[in-house]
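Enquirer: My structure is stored as coords07.csv, with CSV, C-alpha atoms and all ligand atoms.
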```csv
chain,number,residue,atom,x,y,z
A,1,MET,CA,266.6,42.3,-42.4
A,2,GLU,CA,263.8,44.3,-40.8
A,3,LYS,CA,260.4,42.6,-40.5
A,4,LYS,CA,257.0,44.2,-40.2
A,5,ASP,CA,256.0,44.6,-36.6
A,6,SER,CA,259.5,43.9,-35.4
A,7,ILE,CA,261.5,45.7,-32.7
A,8,ALA,CA,265.0,46.9,-33.3
A,9,VAL,CA,267.4,46.0,-30.6
A,10,THR,CA,270.8,47.7,-31.0
A,11,VAL,CA,273.6,45.5,-29.7
A,12,TRP,CA,277.0,47.1,-28.9
A,13,GLU,CA,280.1,45.0,-28.6
A,14,GLY,CA,282.7,47.5,-27.6
A,15,THR,CA,282.6,50.0,-30.5
A,16,ARG,CA,280.9,47.6,-32.9
A,17,GLN,CA,277.2,47.9,-33.4
A,18,GLN,CA,274.6,45.6,-34.9
A,19,VAL,CA,270.8,45.6,-34.9
A,20,ILE,CA,268.7,42.5,-34.4
A,21,TYR,CA,265.0,42.4,-34.8
A,22,LEU,CA,262.6,40.8,-32.2
A,23,THR,CA,258.9,40.4,-32.0
A,24,PRO,CA,256.9,42.3,-29.4
A,25,GLY,CA,256.9,40.2,-26.2
A,26,ASP,CA,260.1,38.3,-27.1
A,27,ASN,CA,262.4,37.5,-24.3
A,28,LEU,CA,265.6,39.5,-24.8
A,29,LEU,CA,268.0,36.8,-23.7
A,30,MET,CA,266.5,34.3,-26.1
A,31,GLY,CA,266.6,36.9,-28.9
A,32,LEU,CA,270.3,37.5,-28.3
A,33,VAL,CA,271.0,33.8,-28.3
A,34,ARG,CA,269.0,33.2,-31.5
A,35,ALA,CA,271.1,36.0,-33.1
A,36,LYS,CA,274.2,33.9,-32.1
A,37,LEU,CA,275.6,36.7,-30.0
A,38,PRO,CA,278.1,35.7,-27.3
A,39,ILE,CA,275.8,35.9,-24.3
A,40,ASP,CA,276.6,34.1,-21.1
A,41,PHE,CA,273.6,32.6,-19.3
A,42,PHE,CA,272.8,29.7,-17.0
A,43,CYS,CA,269.4,29.6,-15.2
A,44,THR,CA,267.2,31.7,-17.5
A,45,THR,CA,265.0,32.3,-14.4
A,46,GLY,CA,266.6,35.4,-12.9
A,47,LYS,CA,268.5,33.6,-10.2
A,48,CYS,CA,272.2,33.4,-11.3
A,49,ARG,CA,272.8,36.9,-12.6
A,50,THR,CA,275.0,35.5,-15.4
A,51,CYS,CA,273.0,37.4,-18.0
A,52,ALA,CA,273.4,40.8,-16.4
A,53,LEU,CA,273.9,43.4,-19.1
A,54,ARG,CA,273.9,47.1,-19.2
A,55,MET,CA,271.0,48.4,-21.3
A,56,GLN,CA,269.4,51.6,-22.4
A,57,ILE,CA,265.7,51.0,-22.3
A,58,PRO,CA,263.4,54.0,-23.3
A,59,GLU,CA,260.2,54.2,-21.4
A,60,GLY,CA,257.7,51.8,-22.8
A,61,SER,CA,260.3,49.6,-24.5
A,62,ALA,CA,260.2,46.9,-21.7
A,63,SER,CA,258.6,46.5,-18.3
A,64,GLY,CA,260.4,47.8,-15.3
A,65,ALA,CA,262.8,45.7,-13.3
A,66,SER,CA,261.0,42.8,-11.7
A,67,ALA,CA,261.2,42.0,-8.0
A,68,THR,CA,263.7,39.3,-8.9
A,69,GLU,CA,265.9,41.8,-10.7
A,70,GLN,CA,265.6,44.2,-7.9
A,71,TYR,CA,266.7,41.5,-5.4
A,72,ARG,CA,269.5,40.0,-7.5
A,73,LEU,CA,271.0,43.2,-9.0
A,74,GLY,CA,270.2,45.8,-6.3
A,75,GLN,CA,269.4,49.5,-6.8
A,76,ASP,CA,272.9,50.6,-7.5
A,77,ALA,CA,273.3,48.3,-10.6
A,78,LEU,CA,269.8,49.0,-11.7
A,79,GLY,CA,270.6,52.7,-11.5
A,80,LYS,CA,273.6,52.1,-13.8
A,81,GLY,CA,271.3,50.5,-16.4
A,82,PHE,CA,272.0,46.8,-15.6
A,83,ARG,CA,269.2,44.3,-16.2
A,84,LEU,CA,268.9,40.6,-16.3
A,85,ALA,CA,268.4,39.8,-20.0
A,86,CYS,CA,266.4,36.7,-19.2
A,87,GLN,CA,263.9,38.9,-17.3
A,88,VAL,CA,263.4,41.5,-20.1
A,89,TYR,CA,260.5,41.2,-22.6
A,90,VAL,CA,260.8,43.7,-25.4
A,91,SER,CA,257.9,46.0,-26.4
A,92,GLY,CA,260.0,48.7,-28.1
A,93,PRO,CA,263.4,49.6,-29.4
A,94,LEU,CA,266.3,49.4,-26.9
A,95,SER,CA,270.1,49.1,-26.8
A,96,VAL,CA,272.2,46.4,-25.1
A,97,TYR,CA,275.9,46.7,-24.3
A,98,LEU,CA,278.1,43.7,-24.2
A,99,ASP,CA,281.6,44.2,-22.9
A,100,ALA,CA,284.5,44.8,-25.3
A,101,SER,CA,285.3,41.0,-25.5
A,102,GLY,CA,281.7,40.4,-26.7
A,103,SER,CA,280.6,38.4,-23.7
A,104,ALA,CA,278.1,39.4,-21.1
A,105,CYS,CA,279.1,41.8,-18.5
A,106,THR,CA,282.0,40.4,-16.4
A,107,ASP,CA,281.6,42.9,-13.7
A,108,ARG,CA,280.7,40.6,-10.8
A,109,ASN,CA,280.7,43.5,-8.4
A,110,LEU,CA,277.2,44.5,-9.4
B,1,LIG,S1,270.4,33.5,-16.9
B,1,LIG,FE1,270.4,33.4,-14.8
B,1,LIG,S2,269.7,35.4,-14.2
B,1,LIG,FE2,269.5,35.4,-16.3
```
Once you've parsed the file, please lay out its structure as structure tokens.
Expert:
Amino acid sequence: MEKKDSIAVTVWEGTRQQVIYLTPGDNLLMGLVRAKLPIDFFCTTGKCRTCALRMQIPEGSASGASATEQYRLGQDALGKGFRLACQVYVSGPLSVYLDASGSACTDRNL
């Protein structure tokens, strides 16, 4: 259910789509976990890359990639839309893509 002052995050699992609602400033990873989505994560501090997901983030919907993300993911993965969910704080609507199995991206060749 949509709440006032909430931000719609569209989550794609393969071809299945669902919308969850977060509060401005919420951590994306924690929001996905609270929604009981099958997200892999470990460190929550941007070091392990386990939470790497492809996202579509319109300008203004989250801050740009942090130095940690730039270091851990690299420009190639960032250019493909990958971000570390634990490092993303939402400020506007965005989309997140899980892989077809519903888990976090398993492409470890990022
Ligand atoms: S959980 Fe380790 S980088 Fe996000």
Enquirer: With all atoms listed in the file as the basis for distance, which of A:Ser6, A:Thr68, A:Thr15, A:Gln75 is at the shortest distance from A:Cys48?
Expert: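 Closest to A:Cys48, using all atoms listed in the file: A:Thr68.
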Enquirer: Using only C-alpha atoms and all ligand atoms, what table do you get, as a tab-separated table, when you list each residue of chain A with an atom no more than 7 Å from ligand LIG 1 (chain B), its nearest pair of atoms, and their distance in Å rounded to one decimal, rows by chain then rising number?
Expert:
```
residue	atom	partner	partner_atom	distance
A:Phe41	CA	B:LIG1	S1	4.1
A:Phe42	CA	B:LIG1	S1	4.5
A:Cys43	CA	B:LIG1	FE1	3.9
A:Thr44	CA	B:LIG1	S1	3.7
A:Thr45	CA	B:LIG1	FE1	5.5
A:Gly46	CA	B:LIG1	S2	3.4
A:Lys47	CA	B:LIG1	S2	4.5
A:Cys48	CA	B:LIG1	FE1	3.9
A:Arg49	CA	B:LIG1	S2	3.8
A:Thr50	CA	B:LIG1	FE1	5.1
A:Cys51	CA	B:LIG1	FE2	4.4
A:Ala52	CA	B:LIG1	FE2	6.7
A:Leu84	CA	B:LIG1	FE2	5.2
A:Ala85	CA	B:LIG1	FE2	5.9
A:Cys86	CA	B:LIG1	FE2	4.4
A:Gln87	CA	B:LIG1	FE2	6.7
```
Enquirer: Neighbours of A:Met30 within 10 Å (all atoms listed in the file; same-chain residues fewer than 3 positions away dropped), as a list in words?
Expert: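 The contact residues come out as Leu22, Asp26, Asn27, Val33, Arg34, Ala35, Lys36, Ile39, Phe41, Thr44, Ala85, Cys86, Val88 and Tyr89 of chain A.
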Enquirer: Pull C-alpha atoms from the residues just selected and write them as a PDB file, in the coordinates of the input.
Expert:
```
ATOM      1  CA  LEU A  22     262.600  40.800 -32.200  1.00  0.00           C
ATOM      2  CA  ASP A  26     260.100  38.300 -27.100  1.00  0.00           C
ATOM      3  CA  ASN A  27     262.400  37.500 -24.300  1.00  0.00           C
ATOM      4  CA  VAL A  33     271.000  33.800 -28.300  1.00  0.00           C
ATOM      5  CA  ARG A  34     269.000  33.200 -31.500  1.00  0.00           C
ATOM      6  CA  ALA A  35     271.100  36.000 -33.100  1.00  0.00           C
ATOM      7  CA  LYS A  36     274.200  33.900 -32.100  1.00  0.00           C
ATOM      8  CA  ILE A  39     275.800  35.900 -24.300  1.00  0.00           C
ATOM      9  CA  PHE A  41     273.600  32.600 -19.300  1.00  0.00           C
ATOM     10  CA  THR A  44     267.200  31.700 -17.500  1.00  0.00           C
ATOM     11  CA  ALA A  85     268.400  39.800 -20.000  1.00  0.00           C
ATOM     12  CA  CYS A  86     266.400  36.700 -19.200  1.00  0.00           C
ATOM     13  CA  VAL A  88     263.400  41.500 -20.100  1.00  0.00           C
ATOM     14  CA  TYR A  89     260.500  41.200 -22.600  1.00  0.00           C
TER      15      TYR A  89
END
```
Enquirer: Calculate how many Å separate atom CA of A:Ala62 from atom CA of A:Leu78, rounding to one decimal.
Expert: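 Value for the atom CA of A:Ala62-atom CA of A:Leu78 distance: 14.0 Å.
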Enquirer: Residues within 10 Å of A:Pro93, please, as a count of residues only. Count all atoms listed in the file; anything in the same chain fewer than 6 positions from it doesn't count.
Expert: 15
Enquirer: What's the separation between atom CA of A:Gly79 and atom CA of A:Ala65, in Å to one decimal place?
Expert: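 Going from atom CA of A:Gly79 over to atom CA of A:Ala65, I get 10.6 Å.
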Enquirer: For the atom pair atom CA of A:Gly25 and atom CA of A:Pro38, what is the interatomic distance in Å to one decimal place?
Expert: 21.7 Å
Enquirer: When you count all atoms listed in the file, which of these residues is closest to A:Ala67: A:Arg16, A:Leu28, A:Arg54, A:Arg83?
Expert: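 So, comparing all the options, the nearest one is A:Arg83.
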Enquirer: Which residue is closest to A:Leu73? Choose from A:Val90, A:Val11, A:Leu53, A:Val19 and count only C-alpha atoms.
Expert: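 Checking each candidate against A:Leu73, we get A:Leu53 as the closest.
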Enquirer: Could you rebuild stretch 73-95 of chain A with N, CA and C atoms and give me the result as a PDB file, in the coordinates of the input?
Expert:
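out19.pdb written:
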```pdb
ATOM      1  N   LEU A  73     270.061  42.182  -8.487  1.00  0.00           N
ATOM      2  CA  LEU A  73     271.000  43.200  -9.000  1.00  0.00           C
ATOM      3  C   LEU A  73     271.200  44.321  -7.941  1.00  0.00           C
ATOM      4  N   GLY A  74     270.153  44.720  -7.280  1.00  0.00           N
ATOM      5  CA  GLY A  74     270.200  45.800  -6.300  1.00  0.00           C
ATOM      6  C   GLY A  74     270.034  47.164  -7.043  1.00  0.00           C
ATOM      7  N   GLN A  75     269.691  48.155  -6.261  1.00  0.00           N
ATOM      8  CA  GLN A  75     269.400  49.500  -6.800  1.00  0.00           C
ATOM      9  C   GLN A  75     270.552  50.146  -7.482  1.00  0.00           C
ATOM     10  N   ASP A  76     271.751  49.921  -6.963  1.00  0.00           N
ATOM     11  CA  ASP A  76     272.900  50.600  -7.500  1.00  0.00           C
ATOM     12  C   ASP A  76     273.136  50.106  -8.984  1.00  0.00           C
ATOM     13  N   ALA A  77     273.118  48.793  -9.202  1.00  0.00           N
ATOM     14  CA  ALA A  77     273.300  48.300 -10.600  1.00  0.00           C
ATOM     15  C   ALA A  77     272.134  48.630 -11.464  1.00  0.00           C
ATOM     16  N   LEU A  78     270.937  48.574 -10.925  1.00  0.00           N
ATOM     17  CA  LEU A  78     269.800  49.000 -11.700  1.00  0.00           C
ATOM     18  C   LEU A  78     269.905  50.430 -12.153  1.00  0.00           C
ATOM     19  N   GLY A  79     270.378  51.247 -11.223  1.00  0.00           N
ATOM     20  CA  GLY A  79     270.600  52.700 -11.500  1.00  0.00           C
ATOM     21  C   GLY A  79     271.595  52.914 -12.595  1.00  0.00           C
ATOM     22  N   LYS A  80     272.546  51.981 -12.732  1.00  0.00           N
ATOM     23  CA  LYS A  80     273.600  52.100 -13.800  1.00  0.00           C
ATOM     24  C   LYS A  80     273.095  51.521 -15.096  1.00  0.00           C
ATOM     25  N   GLY A  81     271.877  51.001 -15.130  1.00  0.00           N
ATOM     26  CA  GLY A  81     271.300  50.500 -16.400  1.00  0.00           C
ATOM     27  C   GLY A  81     271.408  48.995 -16.549  1.00  0.00           C
ATOM     28  N   PHE A  82     271.859  48.288 -15.512  1.00  0.00           N
ATOM     29  CA  PHE A  82     272.000  46.800 -15.600  1.00  0.00           C
ATOM     30  C   PHE A  82     270.594  46.188 -15.471  1.00  0.00           C
ATOM     31  N   ARG A  83     270.369  45.174 -16.271  1.00  0.00           N
ATOM     32  CA  ARG A  83     269.200  44.300 -16.200  1.00  0.00           C
ATOM     33  C   ARG A  83     269.574  42.895 -16.413  1.00  0.00           C
ATOM     34  N   LEU A  84     268.713  42.000 -16.024  1.00  0.00           N
ATOM     35  CA  LEU A  84     268.900  40.600 -16.300  1.00  0.00           C
ATOM     36  C   LEU A  84     268.212  40.324 -17.659  1.00  0.00           C
ATOM     37  N   ALA A  85     268.986  39.997 -18.692  1.00  0.00           N
ATOM     38  CA  ALA A  85     268.400  39.800 -20.000  1.00  0.00           C
ATOM     39  C   ALA A  85     267.304  38.782 -20.039  1.00  0.00           C
ATOM     40  N   CYS A  86     267.414  37.772 -19.189  1.00  0.00           N
ATOM     41  CA  CYS A  86     266.400  36.700 -19.200  1.00  0.00           C
ATOM     42  C   CYS A  86     265.069  37.182 -18.595  1.00  0.00           C
ATOM     43  N   GLN A  87     265.083  38.355 -17.969  1.00  0.00           N
ATOM     44  CA  GLN A  87     263.900  38.900 -17.300  1.00  0.00           C
ATOM     45  C   GLN A  87     263.250  40.032 -18.126  1.00  0.00           C
ATOM     46  N   VAL A  88     263.849  40.353 -19.280  1.00  0.00           N
ATOM     47  CA  VAL A  88     263.400  41.500 -20.100  1.00  0.00           C
ATOM     48  C   VAL A  88     262.597  41.002 -21.275  1.00  0.00           C
ATOM     49  N   TYR A  89     261.393  41.495 -21.412  1.00  0.00           N
ATOM     50  CA  TYR A  89     260.500  41.200 -22.600  1.00  0.00           C
ATOM     51  C   TYR A  89     260.325  42.476 -23.330  1.00  0.00           C
ATOM     52  N   VAL A  90     260.693  42.463 -24.596  1.00  0.00           N
ATOM     53  CA  VAL A  90     260.800  43.700 -25.400  1.00  0.00           C
ATOM     54  C   VAL A  90     259.376  44.145 -25.860  1.00  0.00           C
ATOM     55  N   SER A  91     259.150  45.443 -25.791  1.00  0.00           N
ATOM     56  CA  SER A  91     257.900  46.000 -26.400  1.00  0.00           C
ATOM     57  C   SER A  91     258.259  47.258 -27.192  1.00  0.00           C
ATOM     58  N   GLY A  92     259.535  47.589 -27.291  1.00  0.00           N
ATOM     59  CA  GLY A  92     260.000  48.700 -28.100  1.00  0.00           C
ATOM     60  C   GLY A  92     261.470  48.691 -28.260  1.00  0.00           C
ATOM     61  N   PRO A  93     261.996  49.595 -29.081  1.00  0.00           N
ATOM     62  CA  PRO A  93     263.400  49.600 -29.400  1.00  0.00           C
ATOM     63  C   PRO A  93     264.259  49.866 -28.116  1.00  0.00           C
ATOM     64  N   LEU A  94     265.392  49.222 -28.043  1.00  0.00           N
ATOM     65  CA  LEU A  94     266.300  49.400 -26.900  1.00  0.00           C
ATOM     66  C   LEU A  94     267.711  49.088 -27.347  1.00  0.00           C
ATOM     67  N   SER A  95     268.657  49.416 -26.482  1.00  0.00           N
ATOM     68  CA  SER A  95     270.100  49.100 -26.800  1.00  0.00           C
ATOM     69  C   SER A  95     270.626  48.245 -25.644  1.00  0.00           C
TER      70      SER A  95
END
```
